[in-house]
>>> print(open('coords16.txt').read())   # compact mmCIF, C-alpha atoms
# COMPACT_ATOMS: atom_id res chain seq x y z
CA MET A 28 16.43 1.64 -10.71
CA ASN A 29 19.15 4.10 -10.28
CA ALA A 30 19.09 7.78 -9.49
CA THR A 31 20.01 8.73 -13.05
CA MET A 32 16.78 7.20 -14.29
CA VAL A 33 14.76 9.07 -11.67
CA ARG A 34 16.38 12.34 -12.69
CA SER A 35 15.39 11.69 -16.31
CA LEU A 36 11.81 10.91 -15.30
CA PHE A 37 11.67 14.02 -13.11
CA ALA A 38 12.99 16.21 -15.94
CA TYR A 39 10.23 14.85 -18.19
CA GLN A 40 7.54 15.55 -15.60
CA MET A 41 8.74 19.12 -15.08
CA GLN A 42 8.95 19.72 -18.83
CA GLU A 43 5.35 18.62 -19.30
CA ASP A 44 4.10 20.51 -16.23
CA ARG A 45 5.67 23.71 -17.51
CA ARG A 46 4.30 23.20 -21.02
CA LEU A 47 0.83 22.86 -19.57
CA TRP A 48 1.20 25.97 -17.44
CA ASP A 49 2.84 28.13 -20.11
CA GLU A 50 0.96 27.01 -23.23
CA ALA A 51 -2.47 26.20 -21.84
CA ILE A 52 -3.29 27.48 -18.35
CA MET A 53 -1.58 30.88 -18.51
CA ALA A 54 -2.91 31.43 -22.04
CA LEU A 55 -6.52 31.41 -20.82
CA PRO A 56 -8.23 34.61 -19.70
CA GLU A 57 -7.83 34.95 -15.92
CA PRO A 58 -11.57 34.50 -15.14
CA ALA A 59 -11.59 31.10 -16.89
CA PHE A 60 -9.34 29.77 -14.12
CA LYS A 61 -12.31 29.75 -11.75
CA VAL A 62 -15.05 28.58 -14.11
CA ASP A 63 -16.83 25.37 -13.05
CA THR A 64 -16.26 22.77 -15.78
CA GLY A 65 -18.43 20.20 -14.03
CA TYR A 66 -15.85 17.43 -13.71
CA SER A 67 -13.31 16.17 -11.16
CA TRP A 68 -12.07 19.18 -9.14
CA ARG A 69 -14.44 21.27 -11.27
CA THR A 70 -12.21 24.35 -11.72
CA LEU A 71 -8.64 24.72 -12.90
CA GLN A 72 -8.00 26.64 -9.70
CA ALA A 73 -9.05 23.71 -7.49
CA GLU A 74 -7.28 21.17 -9.71
CA CYS A 75 -4.00 23.11 -9.62
CA VAL A 76 -4.24 23.48 -5.83
CA HIS A 77 -4.83 19.74 -5.48
CA VAL A 78 -1.89 18.78 -7.70
CA VAL A 79 0.62 21.10 -6.06
CA ASP A 80 -0.65 19.96 -2.68
CA VAL A 81 0.10 16.32 -3.53
CA MET A 82 3.52 17.35 -4.87
CA HIS A 83 4.21 19.08 -1.57
CA ARG A 84 2.87 16.28 0.66
CA SER A 85 4.88 13.73 -1.35
CA LEU A 86 8.01 15.78 -0.78
CA GLN A 87 7.29 15.90 2.93
CA ARG A 88 6.84 12.12 2.95
CA VAL A 89 10.18 11.36 1.29
CA HIS A 90 11.76 13.60 3.93
CA GLY A 91 10.19 11.42 6.65
CA ILE A 92 7.32 13.71 7.65
CA LYS A 93 4.27 11.56 8.37
CA SER A 94 1.71 14.23 9.24
CA THR A 95 1.85 16.26 6.05
CA THR A 96 0.47 19.76 5.72
CA ALA A 97 -1.20 21.78 2.98
CA VAL A 98 0.99 24.02 0.86
CA VAL A 99 -1.69 26.43 -0.39
CA THR A 100 -3.04 28.27 2.63
CA ILE A 101 -4.47 31.31 0.81
CA ASP A 102 -8.25 31.52 0.37
CA ASP A 103 -9.29 31.80 -3.26
CA PRO A 104 -5.72 31.93 -4.64
CA ALA A 105 -5.09 33.70 -7.94
CA ARG A 106 -3.53 31.83 -10.83
CA ALA A 107 -0.19 33.64 -10.43
CA GLN A 108 -0.09 32.83 -6.72
CA ILE A 109 -0.58 29.12 -7.34
CA ARG A 110 2.06 29.19 -10.08
CA GLU A 111 4.50 30.79 -7.70
CA ILE A 112 3.87 28.11 -5.08
CA TRP A 113 4.10 25.41 -7.76
CA ASP A 114 7.47 26.69 -8.94
CA ALA A 115 8.78 26.76 -5.36
CA VAL A 116 7.67 23.17 -4.69
CA GLU A 117 9.16 22.10 -8.02
CA ALA A 118 12.48 23.72 -7.04
CA GLN A 119 12.45 21.83 -3.73
CA TRP A 120 11.81 18.59 -5.60
CA GLN A 121 14.63 19.45 -7.99
CA ALA A 122 17.02 19.79 -5.06
CA TYR A 123 15.84 16.48 -3.59
CA ILE A 124 16.10 14.60 -6.89
CA SER A 125 19.53 16.06 -7.62
CA ALA A 126 20.84 14.67 -4.34
CA LEU A 127 19.01 11.32 -4.58
CA ASP A 128 21.11 8.16 -4.51
CA ASP A 129 20.22 4.54 -5.20
CA GLN A 130 20.04 3.60 -1.49
CA THR A 131 17.63 6.41 -0.66
CA PHE A 132 15.41 5.36 -3.54
CA GLN A 133 14.87 1.94 -1.89
CA ARG A 134 14.74 3.17 1.73
CA GLU A 135 11.50 2.56 3.62
CA ILE A 136 9.55 5.45 5.07
CA GLU A 137 6.45 5.70 7.21
CA ILE A 138 3.58 7.50 5.57
CA ILE A 139 -0.11 8.10 6.12
CA TYR A 140 -2.08 7.59 2.93
CA ARG A 141 -5.83 8.17 2.98
CA GLU A 142 -5.77 8.03 6.78
CA THR A 143 -3.95 4.69 6.77
CA ALA A 144 -0.44 4.42 8.27
CA MET A 145 2.00 2.25 6.32
CA ARG A 146 5.66 1.67 5.54
CA THR A 147 6.61 1.99 1.89
CA PRO A 148 9.82 2.37 -0.10
CA VAL A 149 10.66 5.92 -1.16
CA TRP A 150 10.26 5.01 -4.84
CA GLN A 151 6.53 4.45 -4.38
CA THR A 152 5.99 8.01 -3.22
CA ILE A 153 8.18 9.43 -6.00
CA PHE A 154 6.38 7.45 -8.70
CA HIS A 155 3.01 8.28 -7.19
CA PHE A 156 3.89 11.95 -7.56
CA PHE A 157 4.95 11.44 -11.19
CA ASN A 158 1.89 9.38 -12.05
CA HIS A 159 -0.46 11.71 -10.22
CA ASN A 160 0.83 14.72 -12.14
CA THR A 161 0.47 12.82 -15.43
CA LEU A 162 -3.13 11.89 -14.60
CA HIS A 163 -4.06 15.43 -13.62
CA ARG A 164 -2.32 17.07 -16.57
CA ALA A 165 -4.75 15.12 -18.72
CA GLU A 166 -7.68 16.34 -16.61
CA MET A 167 -6.45 19.92 -16.75
CA ARG A 168 -6.12 19.73 -20.53
CA GLN A 169 -9.71 18.49 -20.69
CA MET A 170 -10.72 21.54 -18.65
CA VAL A 171 -8.68 23.90 -20.82
CA ALA A 172 -10.35 22.44 -23.93
CA ALA A 173 -13.79 22.82 -22.33
CA LEU A 174 -12.93 26.46 -21.62
CA GLY A 175 -12.02 27.08 -25.27
CA GLY A 176 -8.24 27.04 -24.87
CA ALA A 177 -5.48 25.14 -26.62
CA ALA A 178 -4.74 21.79 -25.04
CA HIS A 179 -1.94 19.79 -26.64
CA PRO A 180 -1.35 16.31 -25.20
CA ASP A 181 1.78 15.36 -23.28
CA SER A 182 4.76 14.59 -25.49
CA PRO A 183 5.47 10.86 -25.21
CA PHE A 184 8.27 10.05 -22.77
CA ILE A 185 10.22 8.24 -25.51
CA ASP A 186 10.25 11.47 -27.56
CA HIS A 187 11.74 13.24 -24.55
CA CYS A 188 14.38 10.48 -24.28
CA LEU A 189 15.25 10.66 -27.97
CA GLU A 190 15.49 14.45 -27.86
CA SER A 191 17.71 14.26 -24.78
CA SER A 192 20.05 11.80 -26.48
CA ARG A 193 20.54 13.90 -29.66
CA MET B 26 19.63 -3.41 -8.81
CA ASN B 27 16.19 -4.10 -7.39
CA VAL B 28 13.67 -4.18 -10.25
CA ASP B 29 10.52 -4.61 -8.15
CA PHE B 30 9.43 -1.08 -9.03
CA ALA B 31 9.27 -1.95 -12.75
CA ARG B 32 7.27 -5.11 -12.11
CA LYS B 33 4.84 -3.17 -9.92
CA LEU B 34 4.38 -0.44 -12.52
CA ILE B 35 3.63 -3.01 -15.22
CA GLU B 36 1.21 -4.86 -12.93
CA HIS B 37 -0.41 -1.52 -12.19
CA PHE B 38 -1.17 -0.51 -15.75
CA CYS B 39 -2.55 -3.97 -16.58
CA TRP B 40 -4.73 -3.84 -13.45
CA GLU B 41 -5.89 -0.31 -14.16
CA ASP B 42 -6.77 -1.15 -17.79
CA GLU B 43 -8.92 -4.03 -16.58
CA ARG B 44 -10.54 -1.94 -13.85
CA VAL B 45 -11.43 0.86 -16.26
CA TRP B 46 -12.80 -1.65 -18.74
CA THR B 47 -14.87 -3.59 -16.20
CA LEU B 48 -16.21 -0.74 -14.07
CA ALA B 49 -16.42 2.15 -16.53
CA ILE B 50 -16.70 0.76 -20.07
CA VAL B 51 -18.74 -2.44 -19.72
CA PRO B 52 -21.87 -0.46 -18.63
CA LEU B 53 -21.73 1.63 -21.84
CA SER B 54 -23.76 0.97 -24.97
CA ASP B 55 -21.88 0.48 -28.25
CA GLU B 56 -23.08 3.92 -29.32
CA GLN B 57 -21.65 5.53 -26.17
CA PHE B 58 -18.40 3.62 -26.65
CA ALA B 59 -17.97 5.05 -30.17
CA ARG B 60 -19.51 8.51 -29.63
CA GLU B 61 -17.43 11.54 -30.65
CA VAL B 62 -16.79 13.75 -27.63
CA GLY B 63 -14.52 16.50 -28.96
CA PHE B 64 -11.38 16.13 -26.87
CA GLY B 65 -8.47 13.73 -26.47
CA LEU B 66 -8.48 11.20 -29.31
CA GLY B 67 -12.18 11.87 -29.83
CA SER B 68 -13.87 8.72 -28.53
CA ILE B 69 -13.52 6.00 -25.91
CA GLN B 70 -13.07 3.50 -28.74
CA ARG B 71 -10.03 5.34 -30.10
CA GLU B 72 -8.54 5.87 -26.64
CA CYS B 73 -8.79 2.14 -25.86
CA ALA B 74 -7.42 1.10 -29.26
CA HIS B 75 -4.54 3.53 -28.81
CA ILE B 76 -3.60 2.09 -25.41
CA VAL B 77 -3.75 -1.42 -26.90
CA ASP B 78 -1.42 -0.24 -29.67
CA ILE B 79 1.09 1.33 -27.29
CA GLU B 80 1.20 -1.76 -25.08
CA ARG B 81 1.48 -4.15 -28.04
CA ILE B 82 4.12 -2.21 -29.97
CA SER B 83 6.24 -1.38 -26.91
CA LEU B 84 6.30 -5.00 -25.77
CA ALA B 85 7.39 -6.11 -29.25
CA ARG B 86 10.19 -3.52 -29.17
CA LEU B 87 11.26 -4.70 -25.72
CA ARG B 88 11.46 -8.24 -27.00
CA GLY B 89 13.25 -7.30 -30.20
CA GLU B 90 10.44 -8.73 -32.30
CA SER B 91 9.76 -7.41 -35.75
CA LEU B 92 6.20 -6.22 -35.81
CA SER B 93 4.03 -4.65 -38.39
CA PRO B 94 3.91 -0.97 -37.50
CA ALA B 95 0.26 -0.90 -38.56
CA ARG B 96 -1.80 0.80 -35.92
CA MET B 97 -5.09 -0.67 -34.82
CA SER B 98 -6.99 2.51 -34.14
CA GLN B 99 -10.03 1.08 -35.89
CA LEU B 100 -10.36 -1.87 -33.54
CA ASN B 101 -13.94 -2.37 -32.50
CA ARG B 102 -15.12 -3.05 -28.98
CA GLY B 103 -15.14 -6.82 -29.31
CA ALA B 104 -11.65 -6.92 -30.81
CA ILE B 105 -10.26 -4.68 -28.07
CA ARG B 106 -11.86 -6.84 -25.39
CA ALA B 107 -10.45 -9.97 -27.02
CA GLN B 108 -6.91 -8.63 -27.44
CA TRP B 109 -6.36 -6.78 -24.19
CA PRO B 110 -6.18 -9.82 -21.86
CA GLU B 111 -3.70 -11.47 -24.25
CA ILE B 112 -1.51 -8.39 -24.22
CA HIS B 113 -1.68 -8.18 -20.44
CA ALA B 114 -0.74 -11.85 -20.19
CA ALA B 115 2.25 -11.22 -22.44
CA TRP B 116 3.34 -8.30 -20.23
CA SER B 117 2.97 -10.55 -17.19
CA GLU B 118 5.32 -13.08 -18.81
CA PHE B 119 7.72 -10.25 -19.53
CA THR B 120 7.82 -9.20 -15.85
CA GLU B 121 8.98 -12.72 -14.97
CA GLU B 122 11.93 -12.33 -17.35
CA LEU B 123 12.73 -8.85 -16.11
CA ASP B 124 16.02 -8.30 -14.33
CA ALA B 125 18.51 -5.46 -14.01
CA ASP B 126 20.40 -6.35 -17.19
CA LEU B 127 17.22 -6.44 -19.23
CA LEU B 128 15.99 -3.18 -17.76
CA LEU B 129 19.19 -1.41 -18.81
CA SER B 130 19.49 -3.12 -22.19
CA ASP B 131 19.24 -1.28 -25.52
CA CYS B 132 16.15 -1.77 -27.67
CA GLN B 133 16.60 -0.87 -31.31
CA PHE B 134 13.63 -0.16 -33.53
CA ALA B 135 12.55 2.03 -36.41
CA ASP B 136 10.46 5.11 -35.94
CA GLY B 137 9.49 7.83 -38.40
CA GLU B 138 13.06 9.15 -38.56
CA GLY B 139 14.82 5.82 -39.03
CA ALA B 140 16.55 3.45 -36.63
CA VAL B 141 16.69 4.54 -33.00
CA ALA B 142 17.74 2.93 -29.74
CA LEU B 143 16.25 3.39 -26.30
CA LYS B 144 16.77 1.61 -23.00
CA ALA B 145 14.17 -0.94 -21.97
CA TRP B 146 13.22 1.07 -18.88
CA GLN B 147 12.46 4.08 -21.08
CA LEU B 148 10.02 2.07 -23.18
CA ILE B 149 8.34 0.74 -20.03
CA PHE B 150 7.86 4.22 -18.58
CA ASP B 151 6.48 5.44 -21.89
CA VAL B 152 3.74 2.81 -21.63
CA VAL B 153 3.15 3.77 -17.98
CA TYR B 154 2.70 7.48 -18.67
CA GLN B 155 0.80 7.23 -21.93
CA GLY B 156 -1.59 4.73 -20.37
CA THR B 157 -2.15 6.98 -17.36
CA ALA B 158 -2.94 10.02 -19.53
CA HIS B 159 -5.26 8.11 -21.86
CA ARG B 160 -7.12 6.37 -19.02
CA SER B 161 -7.67 9.82 -17.54
CA ASP B 162 -9.24 10.89 -20.84
CA ILE B 163 -11.39 7.75 -20.89
CA MET B 164 -12.73 8.52 -17.41
CA ARG B 165 -13.77 12.01 -18.52
CA MET B 166 -15.33 10.62 -21.70
CA VAL B 167 -17.34 8.07 -19.72
CA ALA B 168 -18.62 10.96 -17.59
CA GLU B 169 -19.60 12.81 -20.78
CA VAL B 170 -21.46 9.96 -22.50
CA HIS B 171 -22.86 8.18 -19.42
CA GLU B 172 -22.04 9.16 -15.83
CA PRO B 173 -18.85 9.75 -13.84
CA PRO B 174 -17.22 6.42 -12.90
CA ALA B 175 -17.56 5.66 -9.19
CA PHE B 176 -13.83 5.21 -8.62
CA ASP B 177 -10.67 7.17 -9.20
CA LEU B 178 -7.34 6.25 -10.76
CA SER B 179 -4.29 6.13 -8.52
CA LEU B 180 -0.98 4.31 -8.52
CA MET B 181 -0.78 4.61 -4.74
CA GLN B 182 -4.15 2.92 -4.32
CA PHE B 183 -2.78 -0.06 -6.22
CA LEU B 184 0.54 -0.13 -4.37
CA SER B 185 -0.98 0.35 -0.91
CA GLY B 186 -4.21 -1.58 -1.32
CA VAL B 187 -6.03 1.36 0.29
CA PHE B 188 -9.04 2.42 -1.73
CA CYS B 189 -11.37 5.34 -1.30
CA GLN B 190 -14.57 5.51 -3.33
>>> encode(input="coords16.txt", output="structure tokens")
Amino acid sequence: MNATMVRSLFAYQMQEDRRLWDEAIMALPEPAFKVDTGYSWRTLQAECVHVVDVMHRSLQRVHGIKSTTAVVTIDDPARAQIREIWDAVEAQWQAYISALDDQTFQREIEIIYRETAMRTPVWQTIFHFFNHNTLHRAEMRQMVAALGGAAHPDSPFIDHCLESSR
Amino acid sequence: MNVDFARKLIEHFCWEDERVWTLAIVPLSDEQFAREVGFGLGSIQRECAHIVDIERISLARLRGESLSPARMSQLNRGAIRAQWPEIHAAWSEFTEELDADLLLSDCQFADGEGAVALKAWQLIFDVVYQGTAHRSDIMRMVAEVHEPPAFDLSLMQFLSGVFCQ
């Protein structure tokens, strides 16, 4: 793996995250954001908080911070507040990915995952973040559909690659 | 270049397919497996057949094999169960061949707009992400037609060996 590949994968993740926010989540009426859909994190609000929290904790881990902290500290955050936090975390990831080199990608870091301390290469945390967002975008689309909104699936990664190469 | 990450990601999607099948789908009746649920691809059957298609077609492209583009979205439960282990075994063989040169090699194939070329690593990540999204849909569908599966999907669980029910 080289850093160029990671930058391409990151660009794809951010493209799909933004599509979901702009086309699906923000298009819903504000009250729908807090409606219990009965599955997973139950509300879009809780699901978005969870996803941005994992993005933030993953970023802390790749920077060598073992005892990670929550990024959303507001009680009952509004949709716009979570989006603002999300965009800030995304920008911090963008800066990290832009500066990433091949050696850092393979470097080992100490993390605590589900209360278990371990040493893992940086790439595992980066790909966990990518995979976790992919998994939860699907869940959030299911919620948006259940709430009566438009929920288009992720564009396949190969379509993103072909578009980027044209 | 160290290509362990690519091997691990391939092992992960094969493992996760099997786990979803064994723990979430096996308990379902045939009617539940085929029931229309109104989101995603519409049914667990179509989601599974679609993942099988993606894995089969992408592997053929990676190997430069000519393959009938015919999709198998109508595969029934027995056919999916029969084919999936074979496809996973073929991916496992592929991981043994995988090295840096192969990962960066060009794969040429035809899509709807004619001949295109992508790098092998791009095809692998397409399988990784599409599988993740569709397994997420399957988990929700199983909750709709039966009950929520008693496990969650996570790459880090697989990589770390730390599970949390």
>>> interface_residues(input="coords16.txt", of="chain A", to="chain B", cutoff="7 Å", atoms="all atoms listed in the file", output="list in words")
Met28, His155, Asn158, His159, Thr161, Leu162, Ala165, Glu166, Gln169, Pro183, Phe184 and Ile185 of chain A
>>> closest_residue(input="coords16.txt", among="A:Trp150, A:Ala144, A:Val99, A:Val76", to="A:Phe132", atoms="only C-alpha atoms")
A:Trp150
>>> atom_distance(input="coords16.txt", atom1="atom CA of A:Phe157", atom2="atom CA of A:Gln40")
6.6 Å
>>> residues_around(input="coords16.txt", residues="B:Val77", least_positions_apart="5", cutoff="8 Å", atoms="only C-alpha atoms", output="list in words")
Ile105, Gln108, Trp109 and Ile112 of chain B
>>> residues_around(input="coords16.txt", residues="A:Ala173", least_positions_apart="3", cutoff="10 Å", atoms="only C-alpha atoms", output="list in words")
Thr64, Gly65, Met167, Arg168, Gln169, Met170, Gly176, Ala177 and Ala178 of chain A; Gly63 and Phe64 of chain B
>>> atom_distance(input="coords16.txt", atom1="atom CA of A:Thr143", atom2="atom CA of A:Ile92")
14.5 Å
>>> decode(input="coords16.txt", residues="stretch 152-170 of chain A", atoms="N, CA, C and O atoms", output="JSON list (two decimals), in the first residue's frame")
[["chain", "number", "residue", "atom", "x", "y", "z"],
["A", 152, "THR", "N", -6.24, 0.89, 11.77],
["A", 152, "THR", "CA", -7.14, 1.92, 12.28],
["A", 152, "THR", "C", -7.72, 2.75, 11.15],
["A", 152, "THR", "O", -8.91, 3.09, 11.15],
["A", 153, "ILE", "N", -6.91, 3.06, 10.14],
["A", 153, "ILE", "CA", -7.42, 3.83, 9.01],
["A", 153, "ILE", "C", -8.51, 3.04, 8.27],
["A", 153, "ILE", "O", -9.59, 3.55, 7.97],
["A", 154, "PHE", "N", -8.24, 1.76, 8.01],
["A", 154, "PHE", "CA", -9.23, 0.98, 7.27],
["A", 154, "PHE", "C", -10.45, 0.63, 8.11],
["A", 154, "PHE", "O", -11.54, 0.43, 7.57],
["A", 155, "HIS", "N", -10.25, 0.56, 9.43],
["A", 155, "HIS", "CA", -11.42, 0.39, 10.29],
["A", 155, "HIS", "C", -12.34, 1.61, 10.16],
["A", 155, "HIS", "O", -13.57, 1.47, 10.04],
["A", 156, "PHE", "N", -11.76, 2.78, 10.18],
["A", 156, "PHE", "CA", -12.54, 4.01, 10.01],
["A", 156, "PHE", "C", -13.28, 3.99, 8.67],
["A", 156, "PHE", "O", -14.50, 4.24, 8.61],
["A", 157, "PHE", "N", -12.59, 3.65, 7.59],
["A", 157, "PHE", "CA", -13.25, 3.61, 6.27],
["A", 157, "PHE", "C", -14.39, 2.58, 6.25],
["A", 157, "PHE", "O", -15.49, 2.85, 5.77],
["A", 158, "ASN", "N", -14.09, 1.40, 6.78],
["A", 158, "ASN", "CA", -15.09, 0.34, 6.73],
["A", 158, "ASN", "C", -16.28, 0.65, 7.63],
["A", 158, "ASN", "O", -17.44, 0.37, 7.28],
["A", 159, "HIS", "N", -15.97, 1.23, 8.78],
["A", 159, "HIS", "CA", -17.02, 1.58, 9.73],
["A", 159, "HIS", "C", -17.97, 2.62, 9.13],
["A", 159, "HIS", "O", -19.19, 2.51, 9.25],
["A", 160, "ASN", "N", -17.42, 3.62, 8.46],
["A", 160, "ASN", "CA", -18.28, 4.62, 7.82],
["A", 160, "ASN", "C", -19.13, 3.98, 6.73],
["A", 160, "ASN", "O", -20.32, 4.31, 6.59],
["A", 161, "THR", "N", -18.55, 3.07, 5.96],
["A", 161, "THR", "CA", -19.30, 2.39, 4.89],
["A", 161, "THR", "C", -20.48, 1.62, 5.48],
["A", 161, "THR", "O", -21.62, 1.70, 5.00],
["A", 162, "LEU", "N", -20.19, 0.87, 6.54],
["A", 162, "LEU", "CA", -21.23, 0.07, 7.21],
["A", 162, "LEU", "C", -22.36, 0.96, 7.72],
["A", 162, "LEU", "O", -23.55, 0.67, 7.53],
["A", 163, "HIS", "N", -21.99, 2.07, 8.35],
["A", 163, "HIS", "CA", -23.01, 2.92, 8.95],
["A", 163, "HIS", "C", -23.72, 3.81, 7.94],
["A", 163, "HIS", "O", -24.86, 4.21, 8.17],
["A", 164, "ARG", "N", -23.07, 4.11, 6.82],
["A", 164, "ARG", "CA", -23.82, 4.82, 5.77],
["A", 164, "ARG", "C", -25.00, 3.96, 5.31],
["A", 164, "ARG", "O", -26.09, 4.46, 5.08],
["A", 165, "ALA", "N", -24.75, 2.66, 5.20],
["A", 165, "ALA", "CA", -25.86, 1.77, 4.81],
["A", 165, "ALA", "C", -26.96, 1.81, 5.86],
["A", 165, "ALA", "O", -28.15, 1.90, 5.53],
["A", 166, "GLU", "N", -26.58, 1.75, 7.13],
["A", 166, "GLU", "CA", -27.60, 1.80, 8.19],
["A", 166, "GLU", "C", -28.36, 3.13, 8.17],
["A", 166, "GLU", "O", -29.57, 3.18, 8.37],
["A", 167, "MET", "N", -27.63, 4.21, 7.94],
["A", 167, "MET", "CA", -28.30, 5.52, 7.93],
["A", 167, "MET", "C", -29.24, 5.64, 6.74],
["A", 167, "MET", "O", -30.31, 6.24, 6.85],
["A", 168, "ARG", "N", -28.87, 5.05, 5.62],
["A", 168, "ARG", "CA", -29.78, 5.07, 4.46],
["A", 168, "ARG", "C", -31.04, 4.27, 4.77],
["A", 168, "ARG", "O", -32.14, 4.63, 4.35],
["A", 169, "GLN", "N", -30.86, 3.14, 5.48],
["A", 169, "GLN", "CA", -32.04, 2.36, 5.88],
["A", 169, "GLN", "C", -32.95, 3.23, 6.74],
["A", 169, "GLN", "O", -34.18, 3.20, 6.59],
["A", 170, "MET", "N", -32.35, 3.99, 7.65],
["A", 170, "MET", "CA", -33.16, 4.86, 8.52],
["A", 170, "MET", "C", -33.85, 5.95, 7.70],
["A", 170, "MET", "O", -35.03, 6.25, 7.92]]
